[in-house]
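Engineer: Pasting work.txt below, which is compact mmCIF, C-alpha atoms and all ligand atoms.
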# COMPACT_ATOMS: atom_id res chain seq x y z
CA MET U 174 0.00 0.00 0.00
CA ARG U 175 1.29 3.40 -0.92
CA TRP U 176 0.91 5.76 2.00
CA GLU U 177 0.69 8.79 -0.28
CA SER U 178 -2.41 7.22 -1.88
CA VAL U 179 -4.23 6.76 1.43
CA ASP U 180 -7.38 8.90 1.64
CA ASP U 181 -9.59 9.65 4.66
CA SER U 182 -11.48 6.36 4.80
CA TYR U 183 -10.77 4.35 7.93
CA LEU U 184 -10.70 0.95 6.23
CA THR U 185 -8.13 0.13 3.54
CA PRO U 186 -9.95 -0.47 0.23
CA VAL U 187 -9.51 -4.08 -0.90
CA GLU U 188 -7.78 -3.05 -4.15
CA ARG U 189 -5.15 -1.07 -2.19
CA PHE U 190 -4.53 -3.76 0.42
CA PHE U 191 -0.99 -5.16 0.32
CA VAL U 192 -0.46 -8.76 -0.83
CA ARG U 193 2.30 -10.97 0.53
CA ASN U 194 2.67 -14.56 -0.66
CA ASN U 195 5.34 -17.21 -0.09
CA SER U 196 4.36 -18.81 -3.44
CA ALA U 197 1.71 -18.28 -6.12
CA THR U 198 -1.94 -17.63 -5.30
CA PRO U 199 -3.85 -20.92 -5.70
CA ARG U 200 -7.20 -20.89 -7.51
CA ILE U 201 -9.69 -22.76 -5.34
CA ASP U 202 -13.11 -24.00 -6.46
CA PRO U 203 -15.56 -23.04 -3.70
CA ALA U 204 -17.94 -25.82 -4.79
CA THR U 205 -15.48 -28.58 -3.86
CA TRP U 206 -13.48 -26.77 -1.14
CA LYS U 207 -13.63 -28.20 2.35
CA LEU U 208 -11.98 -27.20 5.61
CA GLU U 209 -10.75 -30.27 7.47
CA ILE U 210 -10.46 -30.19 11.26
CA GLY U 211 -8.63 -33.01 12.99
CA GLY U 212 -5.22 -34.11 14.24
CA PRO U 213 -3.99 -36.01 17.31
CA GLY U 214 -5.77 -33.70 19.79
CA ALA U 215 -9.19 -33.84 18.08
CA GLU U 216 -11.97 -36.21 19.11
CA ARG U 217 -13.03 -36.73 15.49
CA GLU U 218 -12.16 -35.65 11.95
CA VAL U 219 -14.60 -33.14 10.47
CA ALA U 220 -14.84 -31.47 7.05
CA LEU U 221 -16.84 -28.25 6.68
CA ASP U 222 -17.87 -26.66 3.40
CA LEU U 223 -18.78 -22.99 2.96
CA ASP U 224 -22.45 -23.62 3.81
CA ASP U 225 -21.47 -25.40 7.03
CA LEU U 226 -19.25 -22.44 7.98
CA ALA U 227 -22.05 -19.98 7.25
CA ARG U 228 -24.32 -21.84 9.71
CA LEU U 229 -21.91 -21.15 12.63
CA PRO U 230 -22.26 -17.85 14.59
CA ARG U 231 -21.04 -14.96 12.45
CA ARG U 232 -18.50 -12.47 13.79
CA ASP U 233 -17.08 -9.17 12.47
CA VAL U 234 -13.65 -7.90 13.51
CA VAL U 235 -12.03 -4.64 12.42
CA CYS U 236 -8.28 -5.04 12.81
CA ALA U 237 -4.96 -4.50 11.11
CA LEU U 238 -3.13 -7.15 9.14
CA GLU U 239 0.57 -6.28 9.10
CA CYS U 240 3.57 -8.16 7.77
CA ALA U 241 6.33 -8.92 10.30
CA GLY U 242 8.73 -7.14 7.93
CA ASN U 243 6.70 -3.94 7.59
CA GLY U 244 9.07 -0.96 7.87
CA ARG U 245 12.09 -3.18 7.25
CA ARG U 246 13.64 -0.75 4.75
CA HIS U 247 14.04 1.84 7.49
CA LEU U 248 16.55 -0.24 9.45
CA ARG U 249 18.99 1.14 6.89
CA VAL U 250 18.61 4.60 8.47
CA LEU U 251 20.23 3.35 11.66
CA PHE U 252 22.48 0.54 10.48
CA ASP U 253 23.42 1.47 6.90
CA GLU U 254 22.71 -2.10 5.87
CA ASP U 255 19.65 -3.83 4.37
CA PRO U 256 18.10 -6.76 6.21
CA GLU U 257 16.98 -9.88 4.29
CA GLY U 258 13.48 -9.89 2.80
CA ALA U 259 11.16 -7.75 0.67
CA ASN U 260 12.67 -4.29 0.92
CA TRP U 261 9.48 -2.46 1.66
CA GLY U 262 8.77 0.72 3.57
CA LEU U 263 5.70 0.98 5.78
CA GLY U 264 3.10 -0.18 3.23
CA GLY U 265 2.91 -3.78 4.46
CA ILE U 266 -0.22 -3.05 6.50
CA GLY U 267 -3.94 -2.56 5.99
CA VAL U 268 -7.07 -2.42 8.15
CA ALA U 269 -10.21 -4.24 7.04
CA ARG U 270 -13.52 -5.41 8.44
CA TRP U 271 -13.10 -9.18 8.48
CA THR U 272 -16.21 -11.36 8.65
CA GLY U 273 -16.30 -15.03 9.46
CA VAL U 274 -16.55 -17.42 12.38
CA SER U 275 -14.47 -17.47 15.58
CA LEU U 276 -11.74 -20.08 15.22
CA GLY U 277 -12.85 -21.55 18.60
CA ASP U 278 -16.33 -22.25 17.22
CA VAL U 279 -14.84 -23.95 14.15
CA LEU U 280 -12.49 -26.08 16.27
CA ALA U 281 -15.35 -27.07 18.60
CA THR U 282 -16.97 -29.04 15.76
CA ALA U 283 -14.15 -31.62 16.10
CA GLY U 284 -14.06 -31.74 19.93
CA ARG U 285 -10.72 -31.85 21.69
CA THR U 286 -8.65 -33.85 24.14
CA THR U 287 -5.39 -32.35 25.42
CA VAL U 288 -4.33 -29.58 23.04
CA VAL U 289 -1.42 -27.12 23.23
CA ASP U 290 -1.07 -25.94 19.63
CA VAL U 291 -3.43 -25.40 16.71
CA LEU U 292 -1.86 -25.75 13.27
CA PRO U 293 -3.60 -23.99 10.37
CA ILE U 294 -2.42 -25.26 6.98
CA GLY U 295 -2.72 -23.37 3.70
CA LEU U 296 -3.58 -24.96 0.35
CA ASP U 297 -0.82 -23.10 -1.50
CA GLU U 298 2.05 -25.06 -3.03
CA LEU U 299 4.28 -24.60 0.03
CA ARG U 300 1.47 -25.60 2.42
CA VAL U 301 2.29 -22.52 4.50
CA ARG U 302 1.53 -23.32 8.15
CA ARG U 303 2.36 -21.70 11.45
CA PRO U 304 1.05 -22.93 14.81
CA LEU U 305 -0.68 -20.82 17.43
CA PRO U 306 -1.12 -21.86 21.07
CA LEU U 307 -4.62 -22.90 22.16
CA ASP U 308 -5.22 -19.84 24.37
CA LYS U 309 -4.67 -17.49 21.41
CA ALA U 310 -6.70 -19.76 19.12
CA LEU U 311 -9.65 -19.38 21.54
CA ASP U 312 -9.58 -15.55 21.48
CA PRO U 313 -13.05 -14.92 19.97
CA ASP U 314 -11.53 -12.30 17.63
CA VAL U 315 -9.33 -14.90 15.95
CA LEU U 316 -11.41 -15.67 12.88
CA VAL U 317 -11.80 -18.10 10.08
CA ALA U 318 -12.71 -15.24 7.75
CA THR U 319 -14.54 -15.52 4.45
CA HIS U 320 -15.11 -11.81 3.74
CA MET U 321 -13.19 -8.54 3.91
CA ASN U 322 -14.93 -5.15 3.82
CA GLY U 323 -18.19 -6.93 2.98
CA ILE U 324 -17.07 -8.86 -0.10
CA PRO U 325 -15.83 -12.46 -0.41
CA LEU U 326 -12.05 -12.60 0.04
CA PRO U 327 -10.32 -12.04 -3.32
CA PRO U 328 -8.02 -14.93 -4.35
CA ASP U 329 -4.87 -13.02 -3.34
CA HIS U 330 -6.22 -12.50 0.18
CA GLY U 331 -7.07 -16.14 0.83
CA PHE U 332 -10.33 -17.12 -0.91
CA PRO U 333 -12.40 -18.95 0.17
CA ALA U 334 -11.29 -18.77 3.84
CA ARG U 335 -8.31 -17.54 5.82
CA LEU U 336 -7.27 -17.11 9.40
CA ILE U 337 -7.17 -13.63 10.93
CA VAL U 338 -5.04 -13.38 14.08
CA PRO U 339 -5.38 -9.80 15.42
CA GLY U 340 -2.23 -8.31 16.94
CA TRP U 341 0.16 -10.93 15.63
CA VAL U 342 2.50 -10.77 12.64
CA GLY U 343 0.68 -11.24 9.31
CA ALA U 344 2.33 -14.63 8.77
CA ALA U 345 0.04 -16.08 11.47
CA SER U 346 -3.03 -15.24 9.37
CA ILE U 347 -2.85 -18.28 7.10
CA LYS U 348 -4.59 -17.82 3.73
CA TRP U 349 -6.41 -20.48 1.64
CA LEU U 350 -7.12 -22.56 4.73
CA GLY U 351 -7.40 -26.27 4.00
CA ARG U 352 -6.88 -27.92 7.36
CA LEU U 353 -6.81 -27.10 11.07
CA GLU U 354 -4.92 -29.59 13.24
CA LEU U 355 -5.15 -29.91 17.02
CA HIS U 356 -1.83 -31.00 18.57
CA SER U 357 -1.02 -32.24 22.08
CA ALA U 358 2.63 -31.15 21.80
CA PRO U 359 4.25 -27.94 20.52
CA VAL U 360 4.53 -27.81 16.72
CA PHE U 361 7.52 -26.54 14.73
CA THR U 362 7.37 -25.53 11.07
CA PRO U 363 9.68 -23.42 8.89
CA TRP U 364 7.45 -20.43 9.70
CA ASN U 365 8.22 -20.42 13.42
CA THR U 366 11.82 -21.73 13.36
CA THR U 367 13.78 -20.33 10.40
CA SER U 368 11.38 -17.62 9.20
CA TYR U 369 9.70 -15.15 11.56
CA VAL U 370 12.29 -15.45 14.32
CA LEU U 371 14.50 -12.62 15.56
CA THR U 372 18.20 -13.32 15.07
CA GLY U 373 21.27 -11.11 15.30
CA PRO U 374 23.85 -10.00 17.85
CA SER U 375 21.21 -8.73 20.32
CA TYR U 376 19.25 -11.99 20.34
CA ALA U 377 19.91 -15.46 21.74
CA PRO U 378 21.44 -17.96 19.29
CA GLU U 379 18.98 -19.69 16.99
CA GLY U 380 16.62 -22.11 18.66
CA GLU U 381 17.25 -21.07 22.26
CA ALA U 382 14.78 -18.63 23.76
CA PRO U 383 11.13 -18.87 22.69
CA GLY U 384 10.99 -15.06 22.98
CA MET U 385 12.84 -14.85 19.67
CA ILE U 386 9.75 -15.80 17.69
CA ALA U 387 8.32 -12.75 15.93
CA ARG U 388 4.76 -12.76 17.21
CA ASP U 389 3.13 -9.62 18.70
CA GLN U 390 3.28 -6.52 16.54
CA VAL U 391 4.71 -3.29 17.98
CA VAL U 392 3.45 0.31 18.11
CA LYS U 393 4.09 2.23 14.87
CA SER U 394 3.00 5.21 12.80
CA ALA U 395 3.14 6.42 9.21
CA VAL U 396 2.70 9.69 7.31
CA GLN U 397 0.30 9.94 4.33
CA LEU U 398 2.89 11.67 2.13
CA PRO U 399 5.41 10.46 -0.46
CA ARG U 400 8.99 9.85 0.65
CA PRO U 401 10.70 12.24 0.24
CA THR U 402 8.09 15.05 0.27
CA ARG U 403 8.24 18.50 -1.36
CA LEU U 404 5.94 21.23 -0.01
CA ARG U 405 5.38 24.93 -0.63
CA THR U 406 6.16 27.43 2.12
CA GLY U 407 3.06 28.06 4.24
CA ARG U 408 0.51 26.27 6.36
CA HIS U 409 -0.11 22.55 5.75
CA THR U 410 -2.27 19.86 7.28
CA ILE U 411 -0.27 16.64 7.48
CA LYS U 412 -2.13 13.37 8.05
CA GLY U 413 -1.22 9.85 8.96
CA ARG U 414 -2.12 6.84 11.08
CA ALA U 415 -0.80 5.14 14.18
CA TRP U 416 -1.42 1.62 15.43
CA SER U 417 -0.58 -0.88 18.13
CA ALA U 418 -1.16 -4.56 18.74
CA GLN U 419 -1.38 -3.98 22.49
CA GLY U 420 -4.40 -1.66 22.54
CA ALA U 421 -5.72 1.67 21.30
CA ILE U 422 -3.46 4.64 20.53
CA GLU U 423 -3.38 7.12 23.37
CA ALA U 424 -1.31 9.90 21.79
CA VAL U 425 0.66 10.82 18.69
CA HIS U 426 3.40 13.42 19.12
CA TRP U 427 5.27 15.25 16.39
CA SER U 428 8.44 17.26 16.21
CA PHE U 429 10.70 18.61 13.50
CA ASP U 430 14.40 17.86 13.19
CA GLY U 431 14.63 16.44 16.69
CA THR U 432 15.13 19.93 18.09
CA GLY U 433 11.70 21.47 18.57
CA PRO U 434 9.27 20.54 21.35
CA TRP U 435 7.01 17.52 20.88
CA GLU U 436 3.42 18.55 20.18
CA ALA U 437 0.28 16.42 20.27
CA ALA U 438 -1.41 15.61 16.95
CA ARG U 439 -5.24 15.55 16.71
CA LEU U 440 -6.71 12.05 16.69
CA SER U 441 -10.00 11.33 14.89
CA PRO U 442 -12.22 8.42 15.90
CA PRO U 443 -12.64 5.53 15.58
CA ASN U 444 -9.63 4.40 17.62
CA ILE U 445 -10.06 0.64 17.56
CA PRO U 446 -7.52 -1.48 19.49
CA ARG U 447 -5.38 -3.65 17.15
CA ALA U 448 -6.58 -1.54 14.17
CA TRP U 449 -5.39 2.09 13.88
CA VAL U 450 -6.27 5.73 14.48
CA ARG U 451 -6.09 8.65 12.04
CA TRP U 452 -4.04 11.67 13.19
CA GLU U 453 -3.36 15.12 11.76
CA LEU U 454 -1.23 18.13 12.53
CA GLU U 455 -0.95 21.72 11.29
CA TRP U 456 2.49 22.94 10.29
CA ASP U 457 3.80 26.34 9.19
CA ALA U 458 6.38 25.18 6.69
CA GLU U 459 9.46 27.34 6.25
CA PRO U 460 11.95 26.95 3.36
CA GLY U 461 14.63 24.34 3.84
CA ARG U 462 15.09 20.64 4.41
CA HIS U 463 13.26 19.18 7.37
CA GLU U 464 12.69 15.86 9.03
CA LEU U 465 9.28 15.17 10.53
CA LEU U 466 9.36 12.84 13.52
CA ILE U 467 6.15 11.05 14.59
CA ARG U 468 5.99 9.17 17.88
CA ALA U 469 2.93 7.07 18.76
CA THR U 470 2.05 5.86 22.26
CA ASP U 471 -0.59 3.25 23.06
CA ASP U 472 -2.84 2.92 26.12
CA ALA U 473 -0.68 0.07 27.43
CA GLY U 474 2.19 2.57 27.78
CA ASN U 475 4.26 1.47 24.76
CA THR U 476 5.96 4.30 22.87
CA GLN U 477 7.93 4.24 19.65
CA PRO U 478 11.64 4.30 20.57
CA CYS U 479 14.32 6.31 18.75
CA THR U 480 16.28 3.17 17.92
CA ALA U 481 15.63 -0.57 17.82
CA PRO U 482 18.14 -3.42 17.74
CA TRP U 483 19.23 -4.93 14.44
CA ASN U 484 17.71 -8.28 13.47
CA ASP U 485 18.77 -10.12 10.34
CA LYS U 486 15.35 -10.18 8.69
CA GLY U 487 14.22 -6.75 9.77
CA TYR U 488 11.13 -7.87 11.67
CA LEU U 489 9.04 -5.77 14.06
CA TYR U 490 10.89 -2.53 13.39
CA GLY U 491 8.98 0.06 15.39
CA ALA U 492 11.52 2.86 15.87
CA ILE U 493 10.62 6.43 14.86
CA VAL U 494 11.18 6.80 11.11
CA PRO U 495 12.20 10.39 10.16
CA HIS U 496 10.16 11.66 7.19
CA PRO U 497 12.17 13.97 4.90
CA ILE U 498 10.34 17.13 3.72
CA THR U 499 11.87 19.82 1.51
CA VAL U 500 10.07 23.18 1.59
CA SER U 501 10.54 25.85 -1.08
N1 LIG U 601 -1.18 -19.90 2.98
C1 LIG U 601 -0.49 -18.75 3.13
N2 LIG U 601 -0.87 -17.86 4.06
C2 LIG U 601 -0.19 -16.70 4.23
C3 LIG U 601 0.95 -16.41 3.43
C4 LIG U 601 1.33 -17.36 2.44
O1 LIG U 601 2.29 -17.19 1.68
N3 LIG U 601 0.58 -18.52 2.32
N4 LIG U 601 1.65 -15.23 3.66
C5 LIG U 601 1.53 -14.68 5.01
C6 LIG U 601 2.15 -13.39 5.19
S1 LIG U 601 3.84 -13.38 5.33
C7 LIG U 601 1.41 -12.24 5.34
S2 LIG U 601 2.15 -10.77 5.73
C8 LIG U 601 -0.05 -12.24 5.16
C9 LIG U 601 -0.44 -11.25 4.09
O2 LIG U 601 -1.81 -11.27 3.84
P1 LIG U 601 -2.38 -10.49 2.58
O3 LIG U 601 -1.63 -10.93 1.36
O4 LIG U 601 -3.84 -10.81 2.53
O5 LIG U 601 -2.17 -9.02 2.85
O6 LIG U 601 -0.54 -13.51 4.80
C10 LIG U 601 0.08 -14.60 5.45
N5 LIG U 601 -0.63 -15.82 5.16
MO MO U 602 4.46 -11.28 6.15
Can I see the file as structure tokens?
Structural biologist:
Amino acid sequence: MRWESVDDSYLTPVERFFVRNNSATPRIDPATWKLEIGGPGAEREVALDLDDLARLPRRDVVCALECAGNGRRHLRVLFDEDPEGANWGLGGIGVARWTGVSLGDVLATAGRTTVVDVLPIGLDELRVRRPLPLDKALDPDVLVATHMNGIPLPPDHGFPARLIVPGWVGAASIKWLGRLELHSAPVFTPWNTTSYVLTGPSYAPEGEAPGMIARDQVVKSAVQLPRPTRLRTGRHTIKGRAWSAQGAIEAVHWSFDGTGPWEAARLSPPNIPRAWVRWELEWDAEPGRHELLIRATDDAGNTQPCTAPWNDKGYLYGAIVPHPITVS
């Protein structure tokens, strides 16, 4: 998503929503598609089609979907080196109204014995799969979603059904769901061992601490202007958004060039936890080269730091990203 193309609407239009695939988008026939539920921790194997899903209680969730690597390009500002992975700026995020069924209600159709992990498996060529622990799987806002912004999921976003895991890295929200497995022991896949783990000098060596897994998203903000920006001298309204996986945004502060005082930006509702809030500020632009600093704080007390440690794949980069603006 291009931030300079973002208008005032709270939800990200489907056609602007970023797409991130590990392999090609599969084409799935909804008439023959079934979602299997089973595995060692299930009491029985079940297969649900789209009509079966539609008969379960319906739930709507407005939340962000954000790639673990969103903002990765900006690590270069601090470290003068590019991390591995798609070299994108802050456009690896969108907010949609997701409609579907709580994952817990879907899992209940198969019953369960002792379960620690739930493994959702995609129908794409790589069978992308990444486990989530049972307590997260039973959060009623974790959905098996069939619709976004009121329309059936487009193929690129997981048609006919995908997982939505609010607050966690996008990789947890498995698209093109084909099977949900209940496991009595922790599950390891490439997507929670080699990909989507934090490695680098500041982190424990590979495979040691479970805290290295990239999981909860961090507080961030973005400016709805091109990078870099050119503006005329005079008064400007500058807009953007801020978001956090830990709650709602409490404040957005702005400052120029790291020298001026920090001032509070105006926030406009809605301010939905795990989605985002729109902010705006008024600025009297004077000729020269400037750097706009935006610092978001959430209601759990998390604030964007000035720096963040290097990690090899550039995940969860939430440090303040200076926005260059030239005024003439
Ligand atoms: N089956 C499957 N699910 C997947 C992926 C994938 O490649 N295959 N990519 C993941 C990643 S890395 C992200 S960031 C989100 C992106 O969702 P979107 O393309 O709908 O924006 O989907 C996740 N779910
Ligand atoms: Mo991602």
Engineer: Could you give me, as a PyMOL selection string, every polymer residue with an atom at most 10 Å away from an atom of ligand MO 602 (chain U), counting all atoms listed in the file?
Structural biologist: chain U and resi 192-195+238-243+258-259+265-266+342-346+368-369+488
Engineer: Measuring between only C-alpha atoms and all ligand atoms, which one of U:Glu464, U:Glu254, U:Glu188, U:Asp312 shows the shortest distance to ligand LIG 601 (chain U)?
Structural biologist: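 Under the stated criterion, the closest residue is U:Glu188.
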Engineer: Using all atoms listed in the file, find the one residue out of U:Val338, U:Leu248, U:Val396, U:Ile445 that sits nearest to Arg303 in chain U.
Structural biologist: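 Closest to Arg303 in chain U, using all atoms listed in the file: U:Val338.
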Engineer: How far is it from CA of Glu354 in chain U to CA of Asp290 in chain U, in Å with one decimal?
Structural biologist: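 So the two atoms, CA of Glu354 in chain U and CA of Asp290 in chain U, lie 8.3 Å apart.
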Engineer: So how far away is CA of Trp349 in chain U from CA of Leu296 in chain U, in Å?
Structural biologist: 5.5 Å
Engineer: Padding 6 Å on every side, please: axis-aligned box over the listed atoms of ligand LIG 601 (chain U), centre and edge lengths to one decimal in Å, as lines of an AutoDock Vina configuration file.
Structural biologist:
center_x = 0.0
center_y = -14.5
center_z = 3.5
size_x = 19.7
size_y = 22.9
size_z = 16.4
Engineer: How would you write as a PyMOL selection string the residues that get within 10 Å of (2.9, 7.2, 14.3) in the file's frame, counting only C-alpha atoms?
Structural biologist: chain U and resi 392-396+413-417+422+424-427+438+449-452+466-470+476-477+491-494
Engineer: Find, counting all atoms listed in the file, the residue in U:Lys412, U:Arg462, U:Arg388, U:Lys309 that gets nearest to Leu276 in chain U.
Structural biologist: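 Once distances to Leu276 in chain U are computed over all atoms listed in the file, the minimum belongs to U:Lys309.
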Engineer: When distances are computed from all atoms listed in the file, which of U:Gly277, U:Pro434, U:Pro482, U:Pro446 shows the smallest separation from Asp308 in chain U?
Structural biologist: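 Of U:Gly277, U:Pro434, U:Pro482, U:Pro446, the one nearest Asp308 in chain U, counting all atoms listed in the file, is U:Gly277.
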Engineer: I need the residue nearest ligand LIG 601 (chain U) from this list: U:Met321, U:Val291, U:Leu229, U:Ala215. Use all atoms listed in the file for the distance.
Structural biologist: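 Smallest distance to ligand LIG 601 (chain U) is found for U:Met321.
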Engineer: Give me the residues within 9 Å of Gly420 in chain U as a list in words, counting all atoms listed in the file and dropping any in the same chain fewer than 5 places off.
Structural biologist: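 Residues near the query, excluding close chain neighbours: Gly340, Ile445, Pro446, Arg447, Ala448, Asp471, Asp472 and Ala473 of chain U.
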Engineer: Tell me which of U:Glu436, U:Glu177, U:Asp329, U:Asp457 sits closest to ligand LIG 601 (chain U), counting all atoms listed in the file.
Structural biologist: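 Between U:Glu436, U:Glu177, U:Asp329, U:Asp457, the residue approaching ligand LIG 601 (chain U) most closely is U:Asp329.
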Engineer: For a test of reading the model, state the distance in Å between CA of Leu371 in chain U and CA of Trp341 in chain U, rounded to one decimal.
Structural biologist: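 Taking CA of Leu371 in chain U as the start and CA of Trp341 in chain U as the end point, the length is 14.4 Å.
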Engineer: Pro401 in chain U: which residues within 8 Å, counting all atoms listed in the file, same-chain residues fewer than 6 positions away excluded, as a VMD selection string?
Structural biologist: chain U and resid 496 to 499
Engineer: Find the spatial neighbours of Arg249 in chain U, counting all atoms listed in the file, within a cut-off of 10 Å - ignore same-chain residues fewer than 6 positions away - and output them as a list in words.
Structural biologist: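 In the requested format, the answer is Asp255, Pro256, Trp483 and Gly487 of chain U.
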Engineer: Determine, counting all atoms listed in the file, which protein, DNA and RNA residues have an atom within 8 Å of an atom of Asp314 in chain U; residues of the same chain fewer than 2 positions away are not included. Present the result as an mmCIF file with C-alpha atoms, in the frame of the given file.
Structural biologist:
data_model
loop_
_atom_site.group_PDB
_atom_site.id
_atom_site.type_symbol
_atom_site.label_atom_id
_atom_site.label_comp_id
_atom_site.auth_asym_id
_atom_site.auth_seq_id
_atom_site.Cartn_x
_atom_site.Cartn_y
_atom_site.Cartn_z
ATOM 1 C CA ARG U 232 -18.500 -12.470 13.790
ATOM 2 C CA VAL U 234 -13.650 -7.900 13.510
ATOM 3 C CA SER U 275 -14.470 -17.470 15.580
ATOM 4 C CA ASP U 312 -9.580 -15.550 21.480
ATOM 5 C CA LEU U 316 -11.410 -15.670 12.880
ATOM 6 C CA VAL U 338 -5.040 -13.380 14.080
ATOM 7 C CA PRO U 339 -5.380 -9.800 15.420
#
Engineer: Could you list as a PyMOL selection string every residue that has an atom within 12 Å of (2.9, -27.4, 4.2), using the file's coordinates and counting only C-alpha atoms?
Structural biologist: chain U and resi 195-196+292-304+347+349-353+361-364
Engineer: For Gly214 in chain U, find every residue with an atom within 6 Å (counting all atoms listed in the file), except residues of its own chain fewer than 6 positions away, and show them as a list in words.
Structural biologist: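 Selected residues are Arg285, Thr286, Thr287, Val288, Leu355, His356 and Ser357 of chain U.
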Engineer: Is there a way to complete range 370-376 of chain U with all heavy atoms and then write that out as a compact mmCIF listing (two decimals), in the coordinates of the input?
Structural biologist:
# COMPACT_ATOMS: atom_id res chain seq x y z
N VAL U 370 11.61 -15.47 13.01
CA VAL U 370 12.29 -15.45 14.32
C VAL U 370 13.31 -14.32 14.28
O VAL U 370 13.82 -13.96 13.21
CB VAL U 370 12.99 -16.80 14.65
CG1 VAL U 370 11.97 -17.87 14.99
CG2 VAL U 370 13.90 -17.23 13.53
N LEU U 371 13.57 -13.74 15.45
CA LEU U 371 14.50 -12.62 15.56
C LEU U 371 15.89 -13.17 15.81
O LEU U 371 16.11 -13.86 16.81
CB LEU U 371 14.07 -11.70 16.70
CG LEU U 371 12.64 -11.15 16.59
CD1 LEU U 371 12.20 -10.51 17.90
CD2 LEU U 371 12.54 -10.14 15.47
N THR U 372 16.81 -12.89 14.89
CA THR U 372 18.20 -13.32 15.07
C THR U 372 19.12 -12.14 14.83
O THR U 372 18.76 -11.19 14.13
CB THR U 372 18.58 -14.44 14.07
OG1 THR U 372 18.35 -13.96 12.74
CG2 THR U 372 17.77 -15.71 14.29
N GLY U 373 20.31 -12.20 15.42
CA GLY U 373 21.27 -11.11 15.30
C GLY U 373 22.00 -10.98 16.61
O GLY U 373 21.66 -11.66 17.58
N PRO U 374 23.00 -10.09 16.66
CA PRO U 374 23.85 -10.00 17.85
C PRO U 374 23.08 -9.73 19.15
O PRO U 374 23.52 -10.16 20.22
CB PRO U 374 24.76 -8.81 17.54
CG PRO U 374 24.67 -8.60 16.08
CD PRO U 374 23.38 -9.18 15.60
N SER U 375 21.93 -9.05 19.08
CA SER U 375 21.21 -8.73 20.32
C SER U 375 20.28 -9.84 20.78
O SER U 375 19.59 -9.70 21.78
CB SER U 375 20.35 -7.48 20.14
OG SER U 375 21.08 -6.49 19.48
N TYR U 376 20.20 -10.93 20.00
CA TYR U 376 19.25 -11.99 20.34
C TYR U 376 19.99 -13.28 20.65
O TYR U 376 21.12 -13.47 20.23
CB TYR U 376 18.27 -12.21 19.18
CG TYR U 376 17.44 -10.98 18.93
CD1 TYR U 376 17.86 -10.01 18.00
CD2 TYR U 376 16.27 -10.74 19.65
CE1 TYR U 376 17.13 -8.87 17.79
CE2 TYR U 376 15.54 -9.58 19.44
CZ TYR U 376 15.96 -8.66 18.51
OH TYR U 376 15.23 -7.51 18.31
